[in-house]
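Asks: Got a structure for you, written out below as structure tokens; questions coming shortly.
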Amino acid sequence: MEQYNGSQIMVLEGLEAVRKRPGMYIGSTGTRGLHHLIWEILDNGIDEHLAGYCKQIDIVMKKDGGICITDHGRGVPTDIHPTKHIPTARVVYTILHAGGKFGNSAYKVSGGLHGVGASVVNALSSRMIVEIKRDGKIYRDEYKDGGHPVTELVDGLLPVVGKCNKSDTGTRVTFYPDDSIFETVEFKEETICKRLKEVAYLNRGLKLCFVNEYTGEQKTYEETLGIKSFVSYLNREANVLHAEPIYIEGKSGDIWVEIAFQYTDNFTEQINSYCNRINVVDGGTLVTGFKTALTRVMNQYARELGYLKEKDENLDGRDIRNGIVTI
């Protein structure tokens with residue numbers, strides 16, 4: 001019998017676990033996983049927008065194969081972390097499950113809640129550069145070969161490489177996927193722009209500026225009507241039964257709900273659900289609640305208007321939702 005003891009139990013330190021099993025963190029090492037790196041960094045900027053500090057995010061496909069994402073939020077903190085005793089920014093980009101989204105002090109609403117996004121991108125990159133604007137200063141940190149810091153600290157802090165206006169704040173992350181991990185490191189403009197369009201619909205008032213350095217093409221995505229425009233876009237080729245989508249928003253406690261829907265002459269229903277701006281593919285409580293409320297309200301009005309008599313059974317929810325397209 002082959003010997004089995006403690007020497008055969010591996011303990012992966014730091015970001016090595018991510019590099020050993022990348023699929024656990026980004027789904028795959030193919031095209032889908034490659035683009036997931038962009039979404040992780042982009043989500044950090046979106047969270048700044050949801051917190052009320054960011055109105056624009058810039059995304060650049062660089063000629064040298066990298067991706068550069070700049071948010072104009074508050075900038076990742078650069079002070080010394082109270083327990084790790086290194087710059088807080090370095091904690092964010094090198095330690096799993098480190099972030100400002102576990103409590104309610106930094107972010108009341110957040111798309112990512114695991115604190116792994118930025119550090120996972122770093123772990124799966126051959127090179128990452130982070131530039132932070134805060135308090136009139138520009139800080140810089142660089143990592144190579146899966147998140148190993150190569151920038152020397154100055155008195156324990158990130159080096160200041162420039163100055164800026166105090167009102168000019170934000171974080172710029174430039175990363176280069178590790179070609180020894182990914183099946184391909186070629187990003188697709190179509191995939192990126194499709195996601196940016198969806199993000200713009202879901203984040204009313206957020207401007208997303210995209211640049212492709214390979215072709216020189218520039219695109220801007222910004223939706224002032226938000227999910228109402230999203231429904232109109234989904235129904236652009238359908239025969240709609242009313243010109244404008246119906247839009248409802250409301251708040252109960254600390255839960256904020258936004259709904260837009262429009263009826264078409266189709267016999268199927270399309271309900272697209274998002275929680276904290278992340279697509280909930282299988283629906284869940286928010287979809288169940290919408291269906292229940294819609295059925296109840298439709299039956300209530302049908303009786304008030306005399307279409308249903310007292311002895312009549314209620315209209316079935318599936319019939320009520322025929323042809324509906326909802327966000």
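Here's how to read the names in the structure tokens: chain A, B, ... by the order shown, residue numbers from 1 in each chain, ligand numbers from 1 in the order shown.
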So that I can see what lies close to region 136-140 of chain A, please list as a VMD selection string the residues with an atom at most 8 Å from it, counting only C-alpha atoms and leaving out residues fewer than 5 positions away in the same chain.

Replies: chain A and resid 78 129 to 131 158 to 169

Asks: Please produce a file of those selected residues containing N, CA, C and O atoms, as an mmCIF file, in the first residue's frame.

Replies:
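Result file is part.cif:
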data_model
loop_
_atom_site.group_PDB
_atom_site.id
_atom_site.type_symbol
_atom_site.label_atom_id
_atom_site.label_comp_id
_atom_site.auth_asym_id
_atom_site.auth_seq_id
_atom_site.Cartn_x
_atom_site.Cartn_y
_atom_site.Cartn_z
ATOM 1 N N THR A 78 -4.522 54.236 0.393
ATOM 2 C CA THR A 78 -3.077 53.987 0.306
ATOM 3 C C THR A 78 -2.397 53.981 1.672
ATOM 4 O O THR A 78 -1.179 53.806 1.759
ATOM 5 N N ILE A 129 -0.229 46.842 -13.164
ATOM 6 C CA ILE A 129 0.203 48.160 -12.691
ATOM 7 C C ILE A 129 -1.022 48.863 -12.097
ATOM 8 O O ILE A 129 -2.074 48.929 -12.735
ATOM 9 N N VAL A 130 -0.879 49.378 -10.900
ATOM 10 C CA VAL A 130 -1.969 50.102 -10.229
ATOM 11 C C VAL A 130 -1.516 51.531 -9.962
ATOM 12 O O VAL A 130 -0.455 51.745 -9.357
ATOM 13 N N GLU A 131 -2.300 52.486 -10.432
ATOM 14 C CA GLU A 131 -2.037 53.898 -10.169
ATOM 15 C C GLU A 131 -3.245 54.498 -9.452
ATOM 16 O O GLU A 131 -4.384 54.306 -9.891
ATOM 17 N N LEU A 158 3.404 53.282 -0.492
ATOM 18 C CA LEU A 158 3.629 53.264 -1.935
ATOM 19 C C LEU A 158 4.322 54.558 -2.354
ATOM 20 O O LEU A 158 4.041 55.628 -1.799
ATOM 21 N N PRO A 159 5.210 54.497 -3.323
ATOM 22 C CA PRO A 159 5.902 55.707 -3.766
ATOM 23 C C PRO A 159 4.950 56.668 -4.483
ATOM 24 O O PRO A 159 4.050 56.250 -5.205
ATOM 25 N N VAL A 160 5.181 57.955 -4.265
ATOM 26 C CA VAL A 160 4.422 58.997 -4.958
ATOM 27 C C VAL A 160 5.161 59.313 -6.252
ATOM 28 O O VAL A 160 6.333 59.683 -6.233
ATOM 29 N N VAL A 161 4.475 59.173 -7.389
ATOM 30 C CA VAL A 161 5.136 59.362 -8.683
ATOM 31 C C VAL A 161 4.687 60.637 -9.386
ATOM 32 O O VAL A 161 5.147 60.938 -10.482
ATOM 33 N N GLY A 162 3.781 61.374 -8.762
ATOM 34 C CA GLY A 162 3.314 62.605 -9.383
ATOM 35 C C GLY A 162 2.299 63.319 -8.513
ATOM 36 O O GLY A 162 1.940 62.857 -7.424
ATOM 37 N N LYS A 163 1.873 64.480 -8.998
ATOM 38 C CA LYS A 163 0.869 65.263 -8.283
ATOM 39 C C LYS A 163 -0.346 65.491 -9.173
ATOM 40 O O LYS A 163 -0.262 65.416 -10.398
ATOM 41 N N CYS A 164 -1.481 65.780 -8.539
ATOM 42 C CA CYS A 164 -2.714 66.064 -9.268
ATOM 43 C C CYS A 164 -3.581 66.972 -8.410
ATOM 44 O O CYS A 164 -3.268 67.219 -7.237
ATOM 45 N N ASN A 165 -4.658 67.482 -8.992
ATOM 46 C CA ASN A 165 -5.593 68.270 -8.206
ATOM 47 C C ASN A 165 -6.246 67.387 -7.146
ATOM 48 O O ASN A 165 -6.493 66.206 -7.388
ATOM 49 N N LYS A 166 -6.544 67.978 -5.997
ATOM 50 C CA LYS A 166 -7.150 67.192 -4.924
ATOM 51 C C LYS A 166 -8.513 66.636 -5.331
ATOM 52 O O LYS A 166 -8.953 65.592 -4.828
ATOM 53 N N SER A 167 -9.172 67.330 -6.249
ATOM 54 C CA SER A 167 -10.481 66.861 -6.714
ATOM 55 C C SER A 167 -10.366 65.740 -7.746
ATOM 56 O O SER A 167 -11.356 65.089 -8.085
ATOM 57 N N ASP A 168 -9.154 65.526 -8.257
ATOM 58 C CA ASP A 168 -8.909 64.493 -9.271
ATOM 59 C C ASP A 168 -8.548 63.193 -8.554
ATOM 60 O O ASP A 168 -7.408 63.003 -8.122
ATOM 61 N N THR A 169 -9.510 62.305 -8.421
ATOM 62 C CA THR A 169 -9.290 61.049 -7.695
ATOM 63 C C THR A 169 -9.684 59.859 -8.561
ATOM 64 O O THR A 169 -10.397 60.001 -9.548
#

Asks: Could you pull out the helix (DSSP H, G or I) residues of region 60-305 of chain A from DSSP and send them as JSON, numbers by chain?

Replies: {"A": [88, 89, 90, 91, 92, 93, 94, 117, 118, 119, 120, 121, 122, 123, 189, 190, 191, 192, 193, 194, 195, 196, 197, 198, 199, 200, 201, 202, 227, 228, 229, 230, 231, 232, 233, 234, 285, 286, 287, 288, 289, 290, 291, 292, 293, 294, 295, 296, 297, 298, 299, 300, 301, 302, 303, 304]}

Asks: For Tyr263 (chain A), find every residue with an atom within 6 Å (counting only C-alpha atoms), except residues of its own chain fewer than 3 positions away, and show them as a list in words.

Replies: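 What passes the distance filter is Val240, Leu241, Gly323 and Ile324 of chain A.
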
Asks: Skip region 196-208 of chain A itself and residues of its chain fewer than 4 positions away, then list as JSON, numbers by chain all residues within 6 Å of it, counting only C-alpha atoms.

Replies: {"A": [55, 56, 57, 58, 220, 221, 222, 223, 224, 226, 227, 230]}

Asks: Using only C-alpha atoms, which of A:Val257, A:Cys209, A:Leu225, A:Asp141 sits nearest Ile59 (chain A)?

Replies: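 Looking only at the distances to Ile59 (chain A), the closest residue turns out to be A:Cys209.
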
Asks: Would you please work out which residue, of A:Asp155, A:Glu310, A:Glu213, A:Glu269, is nearest to Ile86 (chain A) when using only C-alpha atoms?

Replies: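 Smallest distance to Ile86 (chain A) is found for A:Asp155.
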
Asks: Looking only at the backbone, which of the residues in region 203-303 of chain A does DSSP tag as strand (DSSP E), as JSON, numbers by chain?

Replies: {"A": [207, 208, 209, 210, 211, 212, 217, 218, 219, 220, 221, 246, 247, 248, 249, 250, 251, 252, 255, 256, 257, 258, 259, 260, 261, 262, 263, 270, 271, 274, 275, 278, 279]}

Asks: Using only C-alpha atoms, find the one residue out of A:Leu308, A:Met24, A:Val173, A:Val281 that sits nearest to Asn44 (chain A).

Replies: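 Closest residue, counting only C-alpha atoms: A:Val173.
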
Asks: Suppose you want the space between CA of Phe267 (chain A) and CA of Ile320 (chain A); what is it in Å?

Replies: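 Rounded to one decimal, the two atoms are 10.5 Å apart.
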
Asks: Name the residues in contact with Gly170 (chain A) at a cut-off of 6 Å, using only C-alpha atoms, excluding same-chain residues fewer than 2 positions from it; report them as a PyMOL selection string.

Replies: chain A and resi 71-75+132-133

Asks: Residues as selected, N, CA and C atoms, written as a short mmCIF file (atom, residue, chain, number, x, y, z; two decimals), in the first residue's frame, can you do that?

Replies:
data_model
loop_
_atom_site.label_atom_id
_atom_site.label_comp_id
_atom_site.auth_asym_id
_atom_site.auth_seq_id
_atom_site.Cartn_x
_atom_site.Cartn_y
_atom_site.Cartn_z
N ASP A 71 -11.24 54.13 -13.18
CA ASP A 71 -12.47 54.69 -12.62
C ASP A 71 -12.15 56.02 -11.97
N HIS A 72 -13.13 56.90 -11.95
CA HIS A 72 -12.93 58.23 -11.38
C HIS A 72 -13.64 58.32 -10.03
N GLY A 73 -13.41 57.28 -9.23
CA GLY A 73 -13.98 57.21 -7.89
C GLY A 73 -13.07 57.83 -6.86
N ARG A 74 -13.11 57.29 -5.64
CA ARG A 74 -12.34 57.88 -4.53
C ARG A 74 -10.87 57.47 -4.55
N GLY A 75 -10.55 56.41 -5.27
CA GLY A 75 -9.18 55.90 -5.25
C GLY A 75 -9.02 54.91 -4.11
N ILE A 132 -3.00 55.20 -8.38
CA ILE A 132 -4.07 55.71 -7.53
C ILE A 132 -3.90 57.21 -7.33
N LYS A 133 -4.99 57.94 -7.53
CA LYS A 133 -5.00 59.39 -7.28
C LYS A 133 -5.81 59.67 -6.02
#

Asks: Show me, as a ChimeraX atom specification, the residues that have an atom within 12 Å of Cys275 (chain A) when counting only C-alpha atoms, minus same-chain residues fewer than 2 positions from it.

Replies: /A:109-112,202,255-259,272-273,277-287,327
